[in-house]
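Novice: If you scroll down you'll find the structure; I have some questions about it.
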Amino acid sequence: MLSVSIVGASGYVGGELLRLLLDHPQVTVRQATSERLAGQYIHSTHPNLRGRSDLRYVVQSELVPCDLLILALPHGAAARRIEHWAALGARIIDCSADFRLSSPDDFRRWYGEDHPAPSWLGRFVYGLPELHRESLRDSRYVSGVGCNATAVNLALLPLVRAGLLDPNRSTIAEVKVGSSEAGASPSDGSHHAERSGVVRSFAPVGHRHTAEVIQESHLSDVHLSITSVEMVRGALATCHAFVHPGTNERDLWKAYRAVTADEPFLRLVHDRSGSHRHPEPKILAGSNYADIGWALDETTGRVVALCAIDNLMKGAAGSAVQCLNLMCGFNERMGLGFAGLHPV
Ligand SMILES: NC(=O)c1ccc[n+]([C@@H]2O[C@H](COP(=O)([O-])OP(=O)(O)OC[C@H]3O[C@@H](n4cnc5c(N)ncnc54)[C@H](OP(=O)(O)O)[C@@H]3O)[C@@H](O)[C@H]2O)c1
């Protein structure tokens with residue numbers, strides 16, 4: 001059994017990691033940290049796990065070495081102490097944005113500060129299996145993914161891979177997101193009276209995940225807008241782009257089938273009728289699927305590429321466990337079989 005410890009386990013991503021890994025047939029969850037809640041059972045913050053484990057939180061200073069350490073900490077906490085974490089975990093998956101960008105210059109541009117450990121950037125593989133499966137196998141250090149970036153990257157993947165996008169036109173991605181993206185710590189904006197019912201422009205321009213989309217899609221003229229909407233979990237990327245003149249529906253079917261055919265967690269959703277004919281995040285809550293689809297206006301060449309995910313799953317903990325499986329030579333689907341709920 002692989003011994004895995006989770007640092008920052010009391011947060012929302014940490015809770016999903018615990019849920020997945022407690023049921024993983026090849027994993028023993030060794031330790032779970034919380035500075036605030038040391039000594040308390042993990043179900044004190046993750047009530048869905050009551051009766052599933054008698055694990056109690058420990059503080060970070062009590063961590064002992066393990067086979068794989070997963071960091072689910074706020075921005076900067078992984079990078080500032082990376083040598084310390086590397087001494088504790090033979091392998092590391094860091095769910096934060098600290099090691100997602102390979103270039104220190106890009107990090108400075110998007111995060112407004114110098115990277116605390118730039119020599120480590122090149123040692124991390126970007127943790128999206130659909131893009132980096134072969135590099136992830138046997139890798140020691142893997143970064144998590146940005147949830148909004150993942151929705152956009154997967155929405156655009158078939159068009160990018162098939163070379164269908166018109167390079168003279170911009171790609172604009174609007175991402176609608178749920179409240180759990182902001183993590184478990186309350187803020188003025190997350191107070192129920194302020195957050196409930198919103199359609200709130202959170203980052204119309206300048207969202208940091210844009211850097212991950214540019215890096216991973218290799219598109220330079222791509223732009224994100226993020227809007228908070230009335231959901232707890234979920235992200236829906238609606239990407240507006242233009243395909244080469246003459247591209248038709250059949251070309252898109254071919255491009256999307258080519259990308260989804262062998263992917264365990266990518267599903268093509270493009271039906272002619274029915275209320276679920278396009279991807280939607282609601283039915284993905286708790287599942288690791290990313291549903292992708294499109295709509296094409298053949299007369300103008302405008303394509304709307306869609307991707308729905310659960311931000312805490314495919315956008316964070318689910319992808320992390322998928323990476324763990326690849327890193328350790330397990331079946332990629334292991335521990336990730338939950339299909340989601342309907343109705344929910
Ligand atoms: N939420 C998402 O949808 C999502 C998606 C992709 C990636 N991520 C990334 O995953 C990481 C965790 O996100 P999350 O949503 O799980 O966050 P969260 O709910 O706020 O949890 C943060 C965790 O870090 C711990 N922590 C340690 N030092 C801290 C400090 N100085 N300030 C605040 N918390 C501290 C907290 O536990 P104690 O205070 O109990 O020690 C808590 O367990 C972040 O880097 C985030 O960017 C999140």
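By order in the structure tokens, chains are A, B, ...; within a chain, residues start at 1; ligands start at 1, following the order shown.
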Compile the contact shell of stretch 185-194 of chain A as a PyMOL selection string: residues with an atom at most 12 Å away, counting only C-alpha atoms, same-chain residues fewer than 3 positions apart removed.

Specialist: chain A and resi 10-12+45+73-74+178-182+197-200+202+228-230+232

Novice: Just the selected residues (N, CA and C atoms), exported as a PDB file, in the first residue's frame, please.

Specialist:
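Here's the written file out12.pdb:
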ATOM      1  N   SER A  10      -8.021  20.039   5.980  1.00  0.00           N
ATOM      2  CA  SER A  10      -9.316  20.536   6.472  1.00  0.00           C
ATOM      3  C   SER A  10     -10.028  21.413   5.452  1.00  0.00           C
ATOM      4  N   GLY A  11      -9.356  21.758   4.352  1.00  0.00           N
ATOM      5  CA  GLY A  11      -9.972  22.613   3.331  1.00  0.00           C
ATOM      6  C   GLY A  11     -10.862  21.808   2.396  1.00  0.00           C
ATOM      7  N   TYR A  12     -11.431  22.495   1.416  1.00  0.00           N
ATOM      8  CA  TYR A  12     -12.353  21.815   0.501  1.00  0.00           C
ATOM      9  C   TYR A  12     -11.639  20.819  -0.408  1.00  0.00           C
ATOM     10  N   THR A  45     -14.754  18.498  10.121  1.00  0.00           N
ATOM     11  CA  THR A  45     -14.891  19.460   9.010  1.00  0.00           C
ATOM     12  C   THR A  45     -15.486  18.823   7.759  1.00  0.00           C
ATOM     13  N   LEU A  73      -2.608  23.512   0.213  1.00  0.00           N
ATOM     14  CA  LEU A  73      -2.413  24.721   1.026  1.00  0.00           C
ATOM     15  C   LEU A  73      -2.682  25.979   0.212  1.00  0.00           C
ATOM     16  N   PRO A  74      -2.836  27.118   0.891  1.00  0.00           N
ATOM     17  CA  PRO A  74      -3.022  28.381   0.165  1.00  0.00           C
ATOM     18  C   PRO A  74      -1.783  28.744  -0.642  1.00  0.00           C
ATOM     19  N   GLY A 178     -18.726  28.116  -9.250  1.00  0.00           N
ATOM     20  CA  GLY A 178     -19.430  27.995  -7.971  1.00  0.00           C
ATOM     21  C   GLY A 178     -18.605  28.498  -6.805  1.00  0.00           C
ATOM     22  N   SER A 179     -19.248  28.578  -5.636  1.00  0.00           N
ATOM     23  CA  SER A 179     -18.617  29.240  -4.486  1.00  0.00           C
ATOM     24  C   SER A 179     -17.483  28.442  -3.871  1.00  0.00           C
ATOM     25  N   SER A 180     -17.450  27.118  -4.040  1.00  0.00           N
ATOM     26  CA  SER A 180     -16.383  26.326  -3.399  1.00  0.00           C
ATOM     27  C   SER A 180     -15.021  26.600  -4.016  1.00  0.00           C
ATOM     28  N   GLU A 181     -14.995  27.263  -5.169  1.00  0.00           N
ATOM     29  CA  GLU A 181     -13.697  27.653  -5.755  1.00  0.00           C
ATOM     30  C   GLU A 181     -12.889  28.518  -4.805  1.00  0.00           C
ATOM     31  N   ALA A 182     -13.582  29.264  -3.978  1.00  0.00           N
ATOM     32  CA  ALA A 182     -12.881  30.215  -3.107  1.00  0.00           C
ATOM     33  C   ALA A 182     -12.352  29.569  -1.839  1.00  0.00           C
ATOM     34  N   GLY A 197     -27.419  33.694  -4.907  1.00  0.00           N
ATOM     35  CA  GLY A 197     -28.164  34.252  -6.035  1.00  0.00           C
ATOM     36  C   GLY A 197     -27.353  35.125  -6.971  1.00  0.00           C
ATOM     37  N   VAL A 198     -26.053  35.208  -6.779  1.00  0.00           N
ATOM     38  CA  VAL A 198     -25.289  36.170  -7.584  1.00  0.00           C
ATOM     39  C   VAL A 198     -25.060  35.690  -9.014  1.00  0.00           C
ATOM     40  N   VAL A 199     -24.898  36.662  -9.896  1.00  0.00           N
ATOM     41  CA  VAL A 199     -24.230  36.479 -11.188  1.00  0.00           C
ATOM     42  C   VAL A 199     -23.223  37.621 -11.171  1.00  0.00           C
ATOM     43  N   ARG A 200     -22.045  37.353 -10.607  1.00  0.00           N
ATOM     44  CA  ARG A 200     -21.112  38.416 -10.254  1.00  0.00           C
ATOM     45  C   ARG A 200     -19.836  38.304 -11.091  1.00  0.00           C
ATOM     46  N   PHE A 202     -16.419  38.284 -11.461  1.00  0.00           N
ATOM     47  CA  PHE A 202     -15.341  38.165 -10.466  1.00  0.00           C
ATOM     48  C   PHE A 202     -14.016  38.657 -11.053  1.00  0.00           C
ATOM     49  N   SER A 228     -18.905  34.531 -11.034  1.00  0.00           N
ATOM     50  CA  SER A 228     -19.433  33.706  -9.937  1.00  0.00           C
ATOM     51  C   SER A 228     -20.944  33.585 -10.100  1.00  0.00           C
ATOM     52  N   VAL A 229     -21.427  32.350 -10.026  1.00  0.00           N
ATOM     53  CA  VAL A 229     -22.877  32.139 -10.157  1.00  0.00           C
ATOM     54  C   VAL A 229     -23.376  31.259  -9.015  1.00  0.00           C
ATOM     55  N   GLU A 230     -24.680  31.052  -9.006  1.00  0.00           N
ATOM     56  CA  GLU A 230     -25.344  30.335  -7.919  1.00  0.00           C
ATOM     57  C   GLU A 230     -25.100  28.825  -8.015  1.00  0.00           C
ATOM     58  N   VAL A 232     -22.604  25.665  -5.699  1.00  0.00           N
ATOM     59  CA  VAL A 232     -21.557  25.421  -4.723  1.00  0.00           C
ATOM     60  C   VAL A 232     -20.358  24.799  -5.439  1.00  0.00           C
TER      61      VAL A 232
END

Novice: Considering only C-alpha atoms and all ligand atoms, tabulate each residue of chain A that lies at most 7 Å from ligand 1 along with its nearest interatomic pair and the corresponding distance in Å to one decimal; arrange the rows by chain and ascending residue number and present them as a tab-separated table.

Specialist:
residue	atom	partner	partner_atom_place_in_ligand_line	distance
A:Gly8	CA	ligand 1	43 (O)	3.3
A:Ala9	CA	ligand 1	43 (O)	4.6
A:Ser10	CA	ligand 1	43 (O)	3.7
A:Gly11	CA	ligand 1	21 (O)	3.2
A:Tyr12	CA	ligand 1	16 (O)	3.9
A:Val13	CA	ligand 1	16 (O)	3.7
A:Gly14	CA	ligand 1	16 (O)	5.5
A:Thr33	CA	ligand 1	41 (O)	6.6
A:Ser34	CA	ligand 1	41 (O)	3.6
A:Glu35	CA	ligand 1	41 (O)	3.6
A:Arg36	CA	ligand 1	40 (O)	4.4
A:Leu37	CA	ligand 1	40 (O)	5.6
A:Ala72	CA	ligand 1	12 (C)	4.3
A:Leu73	CA	ligand 1	24 (O)	3.9
A:Pro74	CA	ligand 1	45 (O)	4.0
A:His75	CA	ligand 1	45 (O)	4.8
A:Cys95	CA	ligand 1	10 (O)	4.7
A:Ser96	CA	ligand 1	45 (O)	3.3
A:Ala97	CA	ligand 1	47 (O)	6.0
A:Gly144	CA	ligand 1	7 (C)	6.6
A:Val145	CA	ligand 1	6 (C)	5.9
A:Gly146	CA	ligand 1	6 (C)	4.8
A:Cys147	CA	ligand 1	6 (C)	4.8
A:Ser180	CA	ligand 1	1 (N)	5.3
A:Glu181	CA	ligand 1	3 (O)	3.5
A:Ala182	CA	ligand 1	1 (N)	5.4
A:Gly183	CA	ligand 1	15 (O)	3.2
A:Ala184	CA	ligand 1	19 (O)	3.6
A:Ser185	CA	ligand 1	20 (O)	5.1
A:Asn311	CA	ligand 1	3 (O)	4.6
A:Leu312	CA	ligand 1	3 (O)	4.7
A:Gly315	CA	ligand 1	6 (C)	5.3
A:Ala316	CA	ligand 1	6 (C)	4.2

Novice: If we count only C-alpha atoms and set the cut-off at 8 Å, which residues sit around A:Asp98, ignoring sequence neighbours fewer than 2 positions away in its own chain? Please answer as a list in words.

Specialist: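 Listed by chain and then number, they are His75, Gly76, Ala78, Ala79, Asp94, Ser96, Arg100, Leu101 and Ser143 of chain A.
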
Novice: For A:Leu136, work out the shell of residues within 8 Å, counting only C-alpha atoms and skipping chain neighbours fewer than 6 positions away, then give it as a VMD selection string.

Specialist: chain A and resid 125 127 129 142 323 326 to 327

Novice: Print the selection's residues with N, CA and C atoms to a file, as a JSON list (two decimals), in the first residue's frame.

Specialist:
[["chain", "number", "residue", "atom", "x", "y", "z"],
["A", 125, "VAL", "N", 5.73, 18.44, -13.20],
["A", 125, "VAL", "CA", 4.93, 18.19, -14.41],
["A", 125, "VAL", "C", 3.54, 18.76, -14.16],
["A", 127, "GLY", "N", -0.18, 18.84, -13.87],
["A", 127, "GLY", "CA", -0.95, 17.65, -13.55],
["A", 127, "GLY", "C", -2.28, 17.45, -14.25],
["A", 129, "PRO", "N", -3.68, 14.89, -16.85],
["A", 129, "PRO", "CA", -3.32, 13.68, -17.61],
["A", 129, "PRO", "C", -3.66, 13.76, -19.10],
["A", 142, "VAL", "N", 4.53, 16.71, -9.13],
["A", 142, "VAL", "CA", 3.42, 17.04, -10.03],
["A", 142, "VAL", "C", 2.66, 18.23, -9.44],
["A", 323, "CYS", "N", -3.48, 11.66, -11.31],
["A", 323, "CYS", "CA", -2.02, 11.78, -11.44],
["A", 323, "CYS", "C", -1.31, 10.80, -10.51],
["A", 326, "LEU", "N", -1.19, 7.50, -12.08],
["A", 326, "LEU", "CA", -0.19, 7.42, -13.14],
["A", 326, "LEU", "C", 1.22, 7.38, -12.57],
["A", 327, "MET", "N", 1.48, 8.24, -11.58],
["A", 327, "MET", "CA", 2.83, 8.31, -10.98],
["A", 327, "MET", "C", 3.24, 6.97, -10.38]]

Novice: By how many Å are atom CA of A:Leu154 and atom CA of A:Ala173 apart?

Specialist: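 Those two atoms sit 11.7 Å apart.
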
Novice: Please report, as a ChimeraX atom specification, each residue of stretch 193-269 of chain A to which DSSP assigns strand (DSSP E) when run on this structure's backbone.

Specialist: /A:199-203,222-229,235-242,266-268

Novice: Rank A:Asn168, A:Leu324, A:Gly293, A:Ala237 by their smallest atom-to-atom distance to A:Arg140, using only C-alpha atoms, and report the top residue only.

Specialist: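 Residue with the minimum atom-to-atom distance to A:Arg140: A:Leu324.
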
Novice: What residues in stretch 1-221 of chain A get the DSSP label alpha helix (DSSP H)? Please answer as a VMD selection string.

Specialist: chain A and resid 12 to 22 77 to 80 82 to 88 104 to 111 129 to 136 147 to 161 192 to 195 209 to 217

Novice: Extract, using only C-alpha atoms, all DNA, RNA and protein residues at most 9 Å from stretch 251-260 of chain A, discarding same-chain residues fewer than 3 positions from it, and format them as a PyMOL selection string.

Specialist: chain A and resi 130+157-159+161-162+164+247-248+263-268+292-294+296
